[in-house]
Amino acid sequence: MSGQFMLIDNIPVEINGEKNILELVRKAGIDLPTFCYYSELSVYGACRMCMVENKWGEIEAACSTPPKAGMEIKTNTPRLRKYRKNILELLLSNHCRDCTTCEKNGRCKLQDLAQRFGIKEIRFNNTSENRQIDKSSVSIVRDKSKCILCGDCVRMCDEVQNVGAIDFVGRGSKMTVTTAFDEPIANSNCVGCGQCAAVCPTGAIVVKNDTSKLWKELSDKNTKVVVQIAPAVRVGISEELGHKDGDNVMGKIVGALKRMGFDEVFDTSTGADLTVLEETGEFLKRLEKNEKLPLFTSCCPAWVSYVEKNYPELIANISTCRSPMQMFSSVLKEHYKHSNRRVVCVAVMPCTAKKFEAQREEFKEDGIPCTDYVITTQELIQMIKESGIVFNEIEPEAVDMPFGVSSGAGVIFGVTGGVTEAVIRRVLDDKSTTTLRSIAFNGVRGMEGVKETNITVGDKELKIAIVSGLKNADDIVKKIKSGEVHYDFVEVMACPGGCICGAGQPFTKAEGKLKRSAGLYETDRMSSIKRSEENPVMMSLYSGLLKGKVHKLLHVKYKGRE
């Protein structure tokens, strides 16, 4: 046997740069169970589910053991099966087991592994603490009785998002995951990004569900319910409803919403087109005056919250443009203000922080929110299933007029680099097809956490940074403040990969991220309108509804942290 191989269950597997045995085991087509392992996070090795047995009968954690040429391991011996079952029994003995009423029912990794290993009864008494449910946040809900101390949320919050709102407290059997001084999560420095809920394998942290209130609105004959769908939702919902991950099922979503009772259905990409026009105009004005640069994007509410809490001196550098959701909600409320029915604006978003954004005082008119309800992709999936709609069989439908047209530039807002690409399409004088296509190869696309690109506008060469993940954003801010780097424009998305990986979406890993981004770029390619300024709806809005109201409806002044 060559020195670059190791034996896994008597199968020779080539070692080719894998960091640990676990990666090599999965490469061999073996699904080794884990709770605490994510390739994007540091190795924690707490759950011990991925233990393997070597040829000397010793067991070791596959996630934290590097592969070596000539190693021989077993992944499925009687000893390992018994070991894993014992771990699962112990976890379940200290876990709330009201599975049927849990938000994570059917998607819980603990439930899945208990079924996989045939756990039918538990020998130990249930020592789960009384349920302490923290509903203080408008974005997420925490239930300590369902926590298995895997540490996924802690590492995500600290290592990827640099927020550190939660951590381990106590020792031994008294250990728990909580905030500083065990305060409600809303009183912490949480920014509502929800990435902790995205990686939580159980129901200890879940997205706050607002569907019950929305059902009541839909059944009220005196209420007109209009809804907008964010670009990322169309490629994030598909796998859960019988399609391939990344498939664009926008037409079917529209059809499903119509059947559920929504009166008018629109595409947030139209709001994104407004954002491109307003943000580009603001950017060019700041360049001309050479002030308040770099301009940071304002589409991501978790990023805005992060700046308010950590760098309040940079609030002036954040674009005054409202997010596409808030711009479009303001336009819709203005459009329907003379309706003989009460108008409720709903937004289907991939993002948990949008729930917080919708309730900000800056986005209320006489105490009434511009966006009345934000539901996530996960909540929409639940509503479709609850309605009994067979998604595969539903006929696709088009969004409604008069806002039924959007550009490809608006659609790609859902992926990291999309905002920047849309702005570049707007500011470049050369509008040829060749230039349009070349932008895609200028460093704006891809799943990297930090990307850079340069463009020439007039006689100026502009430097642009594209960042996803708040830790990456924090690193960029520190470099800007120290003078180490200079940028004119910085796009920031809190969620790694952008909105396609928002915490409100069904969770996906690296391969799924690529499929979802490819789905949005394919939609852009098939769009007959590539640039926001070419959208006829924009011309109609600026000459009509927005006349004299652009600043009021499309811009905001953030009050900052009190």
# chains A, B, ... in the order shown; residues from 1 in each chain; ligands from 1
$ residues_around --residues "Ala197 in chain A" --least-positions-apart "4" --cutoff "7 Å" --atoms "only C-alpha atoms" --output "JSON, numbers by chain"
{"A": [205, 206, 207, 503]}
$ select_by_dssp --residues "range 241-476 of chain A" --states "alpha helix (DSSP H)" --output "PyMOL selection string"
chain A and resi 250-260+268-289+301-310+324-335+353-358+377-386+408-411+418-427+433-439+470-476
$ closest_residue --among "A:Val233, A:Ile466, A:Val13, A:Met260" --to "Glu421 in chain A" --atoms "only C-alpha atoms"
A:Ile466
$ select_by_dssp --residues "range 422-549 of chain A" --states "strand (DSSP E)" --output "count of residues only"
22
$ residues_around --residues "Lys481 in chain A" --least-positions-apart "6" --cutoff "12 Å" --atoms "only C-alpha atoms" --output "PDB file with N, CA and C atoms, in the first residue's frame"
ATOM      1  N   LEU A 293     -16.249  58.660   3.463  1.00  0.00           N
ATOM      2  CA  LEU A 293     -15.841  57.462   2.743  1.00  0.00           C
ATOM      3  C   LEU A 293     -14.996  56.585   3.666  1.00  0.00           C
ATOM      4  N   PRO A 294     -15.041  55.270   3.513  1.00  0.00           N
ATOM      5  CA  PRO A 294     -15.802  54.551   2.500  1.00  0.00           C
ATOM      6  C   PRO A 294     -17.299  54.569   2.803  1.00  0.00           C
ATOM      7  N   TYR A 311     -19.155  50.341  16.612  1.00  0.00           N
ATOM      8  CA  TYR A 311     -18.452  51.452  15.976  1.00  0.00           C
ATOM      9  C   TYR A 311     -19.426  52.592  15.688  1.00  0.00           C
ATOM     10  N   GLU A 313     -19.167  55.616  15.738  1.00  0.00           N
ATOM     11  CA  GLU A 313     -18.573  56.726  14.988  1.00  0.00           C
ATOM     12  C   GLU A 313     -18.640  56.500  13.475  1.00  0.00           C
ATOM     13  N   LEU A 314     -18.934  55.278  13.048  1.00  0.00           N
ATOM     14  CA  LEU A 314     -19.012  54.963  11.627  1.00  0.00           C
ATOM     15  C   LEU A 314     -20.434  54.985  11.079  1.00  0.00           C
ATOM     16  N   ASP A 474     -15.419  43.123  10.798  1.00  0.00           N
ATOM     17  CA  ASP A 474     -14.700  43.770  11.894  1.00  0.00           C
ATOM     18  C   ASP A 474     -13.214  43.917  11.558  1.00  0.00           C
ATOM     19  N   ASP A 475     -12.637  42.883  10.958  1.00  0.00           N
ATOM     20  CA  ASP A 475     -11.223  42.946  10.569  1.00  0.00           C
ATOM     21  C   ASP A 475     -10.993  44.067   9.555  1.00  0.00           C
ATOM     22  N   TYR A 487     -10.527  51.964   1.155  1.00  0.00           N
ATOM     23  CA  TYR A 487     -11.592  51.564   0.231  1.00  0.00           C
ATOM     24  C   TYR A 487     -12.518  52.751   0.031  1.00  0.00           C
TER      25      TYR A 487
END
$ decode --residues "range 64-80 of chain A" --atoms "N, CA, C and O atoms" --output "PDB file, in the first residue's frame"
ATOM      1  N   SER A  64     -10.742  15.545  15.503  1.00  0.00           N
ATOM      2  CA  SER A  64      -9.545  16.231  16.012  1.00  0.00           C
ATOM      3  C   SER A  64      -8.259  15.439  15.785  1.00  0.00           C
ATOM      4  O   SER A  64      -7.206  15.830  16.273  1.00  0.00           O
ATOM      5  N   THR A  65      -8.329  14.348  15.039  1.00  0.00           N
ATOM      6  CA  THR A  65      -7.153  13.520  14.780  1.00  0.00           C
ATOM      7  C   THR A  65      -6.744  13.659  13.323  1.00  0.00           C
ATOM      8  O   THR A  65      -7.531  13.339  12.421  1.00  0.00           O
ATOM      9  N   PRO A  66      -5.527  14.132  13.057  1.00  0.00           N
ATOM     10  CA  PRO A  66      -5.090  14.263  11.662  1.00  0.00           C
ATOM     11  C   PRO A  66      -4.809  12.891  11.053  1.00  0.00           C
ATOM     12  O   PRO A  66      -4.361  11.976  11.746  1.00  0.00           O
ATOM     13  N   PRO A  67      -5.077  12.728   9.766  1.00  0.00           N
ATOM     14  CA  PRO A  67      -4.811  11.431   9.125  1.00  0.00           C
ATOM     15  C   PRO A  67      -3.319  11.227   8.894  1.00  0.00           C
ATOM     16  O   PRO A  67      -2.575  12.178   8.647  1.00  0.00           O
ATOM     17  N   LYS A  68      -2.892   9.978   8.965  1.00  0.00           N
ATOM     18  CA  LYS A  68      -1.488   9.637   8.705  1.00  0.00           C
ATOM     19  C   LYS A  68      -1.437   8.436   7.779  1.00  0.00           C
ATOM     20  O   LYS A  68      -2.272   7.534   7.871  1.00  0.00           O
ATOM     21  N   ALA A  69      -0.471   8.442   6.907  1.00  0.00           N
ATOM     22  CA  ALA A  69      -0.311   7.339   5.968  1.00  0.00           C
ATOM     23  C   ALA A  69      -0.113   6.036   6.740  1.00  0.00           C
ATOM     24  O   ALA A  69       0.658   5.973   7.709  1.00  0.00           O
ATOM     25  N   GLY A  70      -0.836   5.011   6.322  1.00  0.00           N
ATOM     26  CA  GLY A  70      -0.700   3.701   6.955  1.00  0.00           C
ATOM     27  C   GLY A  70      -1.643   3.460   8.114  1.00  0.00           C
ATOM     28  O   GLY A  70      -1.707   2.347   8.646  1.00  0.00           O
ATOM     29  N   MET A  71      -2.384   4.474   8.541  1.00  0.00           N
ATOM     30  CA  MET A  71      -3.343   4.296   9.637  1.00  0.00           C
ATOM     31  C   MET A  71      -4.430   3.324   9.222  1.00  0.00           C
ATOM     32  O   MET A  71      -4.826   3.252   8.055  1.00  0.00           O
ATOM     33  N   GLU A  72      -4.927   2.573  10.200  1.00  0.00           N
ATOM     34  CA  GLU A  72      -6.047   1.670   9.974  1.00  0.00           C
ATOM     35  C   GLU A  72      -7.099   1.931  11.050  1.00  0.00           C
ATOM     36  O   GLU A  72      -6.795   1.863  12.244  1.00  0.00           O
ATOM     37  N   ILE A  73      -8.312   2.239  10.619  1.00  0.00           N
ATOM     38  CA  ILE A  73      -9.373   2.515  11.593  1.00  0.00           C
ATOM     39  C   ILE A  73     -10.657   1.799  11.206  1.00  0.00           C
ATOM     40  O   ILE A  73     -10.873   1.448  10.046  1.00  0.00           O
ATOM     41  N   LYS A  74     -11.510   1.599  12.194  1.00  0.00           N
ATOM     42  CA  LYS A  74     -12.859   1.072  12.003  1.00  0.00           C
ATOM     43  C   LYS A  74     -13.848   2.132  12.479  1.00  0.00           C
ATOM     44  O   LYS A  74     -13.604   2.819  13.474  1.00  0.00           O
ATOM     45  N   THR A  75     -14.960   2.245  11.771  1.00  0.00           N
ATOM     46  CA  THR A  75     -15.958   3.255  12.144  1.00  0.00           C
ATOM     47  C   THR A  75     -17.247   2.658  12.682  1.00  0.00           C
ATOM     48  O   THR A  75     -18.104   3.392  13.178  1.00  0.00           O
ATOM     49  N   ASN A  76     -17.393   1.328  12.608  1.00  0.00           N
ATOM     50  CA  ASN A  76     -18.702   0.738  12.929  1.00  0.00           C
ATOM     51  C   ASN A  76     -18.572  -0.590  13.672  1.00  0.00           C
ATOM     52  O   ASN A  76     -19.224  -1.574  13.331  1.00  0.00           O
ATOM     53  N   THR A  77     -17.718  -0.624  14.697  1.00  0.00           N
ATOM     54  CA  THR A  77     -17.559  -1.845  15.490  1.00  0.00           C
ATOM     55  C   THR A  77     -18.666  -1.927  16.543  1.00  0.00           C
ATOM     56  O   THR A  77     -19.311  -0.914  16.860  1.00  0.00           O
ATOM     57  N   PRO A  78     -18.938  -3.126  17.094  1.00  0.00           N
ATOM     58  CA  PRO A  78     -19.939  -3.242  18.171  1.00  0.00           C
ATOM     59  C   PRO A  78     -19.655  -2.298  19.331  1.00  0.00           C
ATOM     60  O   PRO A  78     -20.575  -1.712  19.915  1.00  0.00           O
ATOM     61  N   ARG A  79     -18.382  -2.119  19.652  1.00  0.00           N
ATOM     62  CA  ARG A  79     -17.997  -1.231  20.748  1.00  0.00           C
ATOM     63  C   ARG A  79     -18.397   0.207  20.449  1.00  0.00           C
ATOM     64  O   ARG A  79     -18.927   0.923  21.305  1.00  0.00           O
ATOM     65  N   LEU A  80     -18.157   0.655  19.195  1.00  0.00           N
ATOM     66  CA  LEU A  80     -18.497   2.035  18.815  1.00  0.00           C
ATOM     67  C   LEU A  80     -20.005   2.247  18.777  1.00  0.00           C
ATOM     68  O   LEU A  80     -20.508   3.298  19.177  1.00  0.00           O
TER      69      LEU A  80
END
